[in-house]
$ cat data_18.tsv   # TSV, C-alpha atoms
chain	number	residue	atom	x	y	z
A	8	PRO	CA	14.23	-10.53	7.82
A	9	GLU	CA	16.74	-8.41	5.92
A	10	HIS	CA	14.70	-5.31	6.83
A	11	ASP	CA	14.14	-6.11	10.51
A	12	ARG	CA	17.33	-4.41	11.68
A	13	GLU	CA	15.75	-0.99	11.02
A	14	GLY	CA	12.79	-1.62	13.34
A	15	ARG	CA	10.26	0.27	11.23
A	16	VAL	CA	7.02	-1.64	11.86
A	17	ILE	CA	5.05	-2.48	14.99
A	18	SER	CA	2.04	-4.78	14.57
A	19	ALA	CA	-0.82	-5.36	16.99
A	20	GLU	CA	-3.50	-8.00	16.53
A	21	PHE	CA	-7.07	-7.30	17.63
A	22	PRO	CA	-10.11	-9.62	17.46
A	23	ASP	CA	-11.27	-8.37	14.06
A	24	CYS	CA	-8.29	-6.53	12.54
A	25	TYR	CA	-4.58	-5.82	12.61
A	26	ILE	CA	-3.30	-2.32	13.43
A	27	LEU	CA	0.24	-1.42	12.37
A	28	THR	CA	2.36	1.64	12.87
A	29	VAL	CA	5.15	2.20	10.36
A	30	TYR	CA	7.98	4.60	9.56
A	31	VAL	CA	8.75	4.20	5.86
A	32	PRO	CA	12.41	4.75	4.86
A	33	ASN	CA	13.25	8.23	3.63
A	34	SER	CA	14.91	8.24	0.22
A	35	GLN	CA	17.21	11.02	1.50
A	36	ASN	CA	19.14	13.75	-0.31
A	37	GLU	CA	19.99	12.97	-3.92
A	38	LEU	CA	17.77	9.87	-3.54
A	39	GLN	CA	20.61	7.91	-1.96
A	40	ARG	CA	18.23	5.31	-0.45
A	41	LEU	CA	15.59	5.21	-3.18
A	42	SER	CA	16.62	1.77	-4.42
A	43	TYR	CA	16.52	0.34	-0.89
A	44	ARG	CA	13.17	1.98	-0.29
A	45	MET	CA	11.73	0.30	-3.38
A	46	GLU	CA	12.81	-3.08	-2.01
A	47	TRP	CA	11.36	-2.23	1.39
A	48	GLU	CA	8.04	-1.14	-0.13
A	49	ASP	CA	7.67	-4.49	-1.92
A	50	ALA	CA	8.47	-6.44	1.25
A	51	PHE	CA	6.04	-4.37	3.32
A	52	ARG	CA	3.26	-4.82	0.79
A	53	GLU	CA	3.76	-8.59	0.84
A	54	TYR	CA	3.68	-8.54	4.63
A	55	ILE	CA	0.40	-6.65	5.01
A	56	LEU	CA	-1.22	-8.76	2.28
A	57	SER	CA	-0.24	-11.88	4.23
A	58	LEU	CA	-2.00	-10.40	7.27
A	59	GLU	CA	-5.00	-9.40	5.16
A	60	GLU	CA	-5.59	-13.06	4.36
A	61	LYS	CA	-6.46	-13.53	8.05
A	62	LYS	CA	-8.26	-10.28	8.89
A	63	PRO	CA	-8.40	-6.64	7.68
A	64	VAL	CA	-5.38	-4.37	8.14
A	65	ILE	CA	-5.12	-0.73	9.23
A	66	TYR	CA	-1.73	0.92	9.20
A	67	CYS	CA	-0.61	4.40	10.08
A	68	GLY	CA	2.55	6.44	10.30
A	69	ASP	CA	5.04	8.62	8.49
A	70	LEU	CA	4.94	7.10	5.00
A	71	ASN	CA	7.38	9.66	3.57
A	72	VAL	CA	5.37	10.20	0.39
A	73	ALA	CA	2.98	12.87	-0.84
A	74	HIS	CA	0.76	10.76	-3.04
A	75	GLN	CA	-0.85	13.42	-5.24
A	76	GLU	CA	-0.04	16.97	-6.23
A	77	ILE	CA	-2.78	18.16	-3.88
A	78	ASP	CA	-0.79	16.66	-0.99
A	79	LEU	CA	2.02	19.21	-0.96
A	80	LYS	CA	2.29	22.95	-1.42
A	81	ASN	CA	4.85	23.04	-4.23
A	82	PRO	CA	4.54	19.92	-6.39
A	83	ALA	CA	6.35	21.29	-9.44
A	84	SER	CA	9.55	22.28	-7.66
A	85	ASN	CA	9.59	19.05	-5.61
A	86	HIS	CA	8.81	16.61	-8.41
A	87	HIS	CA	12.13	14.74	-8.24
A	88	ASN	CA	12.80	15.23	-4.53
A	89	ALA	CA	12.58	12.51	-1.88
A	90	GLY	CA	8.95	11.91	-0.99
A	91	PHE	CA	7.55	13.04	-4.33
A	92	THR	CA	9.34	10.98	-6.97
A	93	ASP	CA	7.32	9.05	-9.52
A	94	ASP	CA	8.70	5.79	-8.11
A	95	GLU	CA	7.59	6.47	-4.55
A	96	ARG	CA	4.15	7.63	-5.59
A	97	ALA	CA	3.71	4.61	-7.87
A	98	LYS	CA	4.54	2.21	-5.02
A	99	PHE	CA	1.87	3.80	-2.85
A	100	SER	CA	-0.64	3.65	-5.70
A	101	ARG	CA	0.13	-0.03	-6.19
A	102	LEU	CA	-0.52	-0.73	-2.52
A	103	LEU	CA	-3.84	1.12	-2.59
A	104	ASP	CA	-4.79	-0.88	-5.69
A	105	CYS	CA	-4.39	-4.04	-3.62
A	106	GLY	CA	-7.53	-3.12	-1.68
A	107	TYR	CA	-6.70	-0.21	0.64
A	108	LEU	CA	-7.96	3.32	1.21
A	109	ASP	CA	-6.14	6.54	2.05
A	110	SER	CA	-8.71	7.37	4.73
A	111	PHE	CA	-8.22	11.14	4.58
A	112	ARG	CA	-8.63	11.37	0.80
A	113	PHE	CA	-11.50	8.90	0.95
A	114	LEU	CA	-13.48	11.43	2.99
A	115	HIS	CA	-11.86	14.67	1.75
A	116	PRO	CA	-11.00	14.07	-1.92
A	117	GLU	CA	-10.67	17.75	-2.87
A	118	GLU	CA	-9.40	19.37	0.33
A	119	ARG	CA	-6.29	21.48	-0.21
A	120	ASP	CA	-3.69	22.94	2.14
A	121	ALA	CA	-4.11	19.96	4.48
A	122	TYR	CA	-0.60	18.98	5.56
A	123	SER	CA	1.00	16.93	8.34
A	124	TRP	CA	4.68	17.91	7.95
A	125	TRP	CA	6.51	21.21	7.53
A	126	SER	CA	10.23	21.86	7.20
A	127	TYR	CA	11.84	23.73	10.07
A	128	ARG	CA	13.40	26.04	7.49
A	129	THR	CA	12.01	29.41	6.42
A	130	LYS	CA	9.09	29.29	8.89
A	131	ALA	CA	7.30	26.82	6.65
A	132	ARG	CA	4.69	25.89	9.25
A	133	GLU	CA	3.72	29.50	9.86
A	134	ARG	CA	3.15	29.88	6.13
A	135	ASN	CA	1.58	26.41	5.78
A	136	VAL	CA	4.07	25.34	3.15
A	137	GLY	CA	3.84	21.66	3.91
A	138	TRP	CA	3.39	18.07	2.83
A	139	ARG	CA	0.82	15.43	3.76
A	140	ILE	CA	3.00	12.40	4.44
A	141	ASP	CA	1.31	10.90	7.55
A	142	TYR	CA	-1.59	8.57	6.86
A	143	PHE	CA	-4.10	6.07	8.12
A	144	VAL	CA	-4.43	3.44	5.39
A	145	VAL	CA	-7.48	1.20	5.83
A	146	SER	CA	-8.51	-2.10	4.26
A	147	GLU	CA	-11.38	-1.81	1.79
A	148	LYS	CA	-13.14	-4.40	3.94
A	149	LEU	CA	-13.54	-1.72	6.62
A	150	ARG	CA	-14.80	1.00	4.27
A	151	GLU	CA	-18.26	1.16	5.85
A	152	ARG	CA	-16.79	1.60	9.32
A	153	ILE	CA	-14.86	4.79	8.58
A	154	ARG	CA	-16.56	7.65	10.44
A	155	GLY	CA	-13.92	10.37	10.22
A	156	ALA	CA	-10.36	11.20	9.25
A	157	SER	CA	-8.69	14.42	10.29
A	158	ILE	CA	-5.39	16.27	10.59
A	159	HIS	CA	-4.48	18.39	13.64
A	160	PRO	CA	-2.04	21.16	12.65
A	161	GLU	CA	-2.94	23.05	15.82
A	162	ILE	CA	-1.09	20.45	17.91
A	163	MET	CA	2.59	21.23	18.18
A	164	GLY	CA	5.47	19.01	19.26
A	165	SER	CA	7.65	18.39	16.22
A	166	ASP	CA	7.79	19.16	12.52
A	167	HIS	CA	4.86	16.72	12.13
A	168	CYS	CA	1.34	17.02	13.52
A	169	PRO	CA	-1.09	14.25	14.55
A	170	VAL	CA	-3.51	12.59	12.17
A	171	GLU	CA	-6.65	10.81	13.37
A	172	LEU	CA	-8.99	8.08	12.23
A	173	ASP	CA	-12.47	7.50	13.69
A	174	LEU	CA	-13.58	3.94	13.07
A	175	ALA	CA	-16.80	2.21	14.16
A	176	VAL	CA	-15.90	-1.20	15.53
A	177	TYR	CA	-19.21	-2.59	14.30
A	178	PRO	CA	-20.38	-1.73	10.76
A	179	GLU	CA	-23.73	-0.47	12.05
A	180	GLY	CA	-21.90	2.24	13.92
A	181	ALA	CA	-21.59	3.83	17.30
A	182	GLU	CA	-25.13	5.21	17.53
A	183	ARG	CA	-26.74	1.79	17.60
A	184	ALA	CA	-24.13	0.51	20.04
A	185	LEU	CA	-24.85	3.42	22.37
A	186	ARG	CA	-28.57	2.67	22.34
A	187	ILE	CA	-27.88	-0.97	23.14
A	188	ARG	CA	-25.71	-0.02	26.08
A	189	GLU	CA	-28.21	2.48	27.46
A	190	LYS	CA	-31.08	0.00	27.13
A	191	GLN	CA	-29.26	-2.80	28.87
A	192	SER	CA	-27.63	-0.51	31.49
A	193	ILE	CA	-24.49	-2.61	31.46
A	194	ASP	CA	-21.81	-1.33	33.76
A	195	ARG	CA	-18.27	-1.04	32.46
A	196	ASN	CA	-16.82	-4.12	34.08
A	197	LYS	CA	-19.72	-6.31	33.07
A	198	MET	CA	-19.52	-5.10	29.49
A	199	ARG	CA	-15.84	-5.99	29.34
A	200	ARG	CA	-16.65	-9.51	30.50
A	201	SER	CA	-19.64	-9.88	28.18
A	202	HIS	CA	-18.10	-8.76	24.88
A	203	PRO	CA	-14.93	-10.04	23.19
A	204	TYR	CA	-14.27	-6.50	21.96
A	205	PRO	CA	-15.89	-3.10	22.55
A	206	LEU	CA	-19.09	-1.93	20.94
A	207	PHE	CA	-17.92	1.65	20.70
A	208	PRO	CA	-16.02	3.46	17.96
A	209	ALA	CA	-12.26	3.43	18.16
A	210	ARG	CA	-10.34	6.70	17.93
A	211	LEU	CA	-6.90	6.03	16.52
A	212	PHE	CA	-4.34	8.75	16.89
A	213	HIS	CA	-0.89	8.91	15.29
A	214	HIS	CA	1.72	11.54	16.06
A	215	ARG	CA	5.30	11.49	14.79
A	216	ARG	CA	7.53	12.95	17.51
A	217	GLU	CA	11.26	13.47	17.43
A	218	ARG	CA	11.71	14.47	21.06
A	219	PRO	CA	11.06	12.13	24.00
A	220	GLY	CA	7.73	12.90	25.60
A	221	ARG	CA	4.26	11.69	26.36
A	222	LEU	CA	1.50	11.99	23.80
A	223	ARG	CA	-2.09	11.92	25.08
A	224	THR	CA	-5.28	11.64	23.12
A	225	GLY	CA	-8.41	13.49	24.07
A	226	THR	CA	-9.57	10.46	26.04
A	227	GLY	CA	-6.39	10.35	28.11
A	228	ALA	CA	-5.16	7.08	26.62
A	229	PRO	CA	-1.47	6.26	27.04
A	230	GLY	CA	0.93	7.71	24.50
A	231	TYR	CA	4.30	6.66	23.21
A	232	ASP	CA	7.60	8.17	22.17
A	233	GLY	CA	8.54	8.11	18.50
A	234	SER	CA	6.36	7.25	15.54
A	235	LEU	CA	3.94	5.01	17.41
A	236	LEU	CA	0.22	4.52	17.59
A	237	SER	CA	-1.85	5.74	20.52
A	238	HIS	CA	-5.03	3.68	20.67
A	239	ALA	CA	-8.13	4.69	22.63
A	240	LEU	CA	-11.56	3.14	22.90
A	241	SER	CA	-14.05	5.85	23.74
A	242	GLY	CA	-16.64	5.15	26.41
A	243	LEU	CA	-14.53	2.59	28.25

$ encode --input "data_18.tsv" --output "structure tokens"
Amino acid sequence: PEHDREGRVISAEFPDCYILTVYVPNSQNELQRLSYRMEWEDAFREYILSLEEKKPVIYCGDLNVAHQEIDLKNPASNHHNAGFTDDERAKFSRLLDCGYLDSFRFLHPEERDAYSWWSYRTKARERNVGWRIDYFVVSEKLRERIRGASIHPEIMGSDHCPVELDLAVYPEGAERALRIREKQSIDRNKMRRSHPYPLFPARLFHHRRERPGRLRTGTGAPGYDGSLLSHALSGL
């Protein structure tokens, strides 16, 4: 409750998982809020673990941390700056050790120069001098359902760019679900009535925006202002 006044987490419950969007506190210049952030990180970890006892958790957002040296352009000169302190990185490691995956690194463990945030200063985006601080973090229980994780630097709108997670709702994947639908020739409305949740893969899209506006995914799903989750179910 002591953290609720900052309004940093939105949680949505689905039939077989929780999906959260989060904006982790920035430690700020001279690490003025680092101590508060450490308290917040512990409280957030306890919260998602309490949800995990009921069903798997996926969370996304601006986590304000570059976890590894590969996740920012200049790790040496930023070592003690907000977002790349040992304390912040250790908190993220501890959370992952509780049974979660950084979905992008899970699929792209060695990929370099893949960033989601660039400073407005010195034309950093044009030179791709950035940080990867926006994530989809996925419960280990959903490991087999991860089909893709990508970053979209080509999409403009703020100093951040969107990140995306492709997740099969059923472990056996979208291909089998598509064959089932084609075989049964179920129309859309009937399928909605027949199934408690969709057979098709979910495309989850996160974009941190600072200016009011409407964010749309490729499927035309509704978007939201701020650091919120846009959720689309393809094929429906």

$ atom_distance --input "data_18.tsv" --atom1 "CA of Ser34 (chain A)" --atom2 "CA of Ala89 (chain A)"
5.3 Å

$ atom_distance --input "data_18.tsv" --atom1 "CA of Val72 (chain A)" --atom2 "CA of Glu95 (chain A)"
6.6 Å

$ closest_residue --input "data_18.tsv" --among "A:Ala97, A:Val145, A:Leu103, A:Val136" --to "Cys67 (chain A)" --atoms "all atoms listed in the file"
A:Val145

$ residues_around --input "data_18.tsv" --residues "region 25-30 of chain A" --least-positions-apart "5" --cutoff "9 Å" --atoms "only C-alpha atoms" --output "list in words"
Gly14, Arg15, Val16, Ile17, Ser18, Ala19, Glu20, Leu58, Glu59, Lys62, Pro63, Val64, Ile65, Tyr66, Cys67, Gly68, Asp69, Leu70, Asn71, His213, Ser234, Leu235 and Leu236 of chain A

$ atom_distance --input "data_18.tsv" --atom1 "CA of Arg152 (chain A)" --atom2 "CA of Asp109 (chain A)"
13.8 Å

$ closest_residue --input "data_18.tsv" --among "A:Leu102, A:Glu118, A:Asp166, A:Leu79" --to "Lys130 (chain A)" --atoms "all atoms listed in the file"
A:Asp166
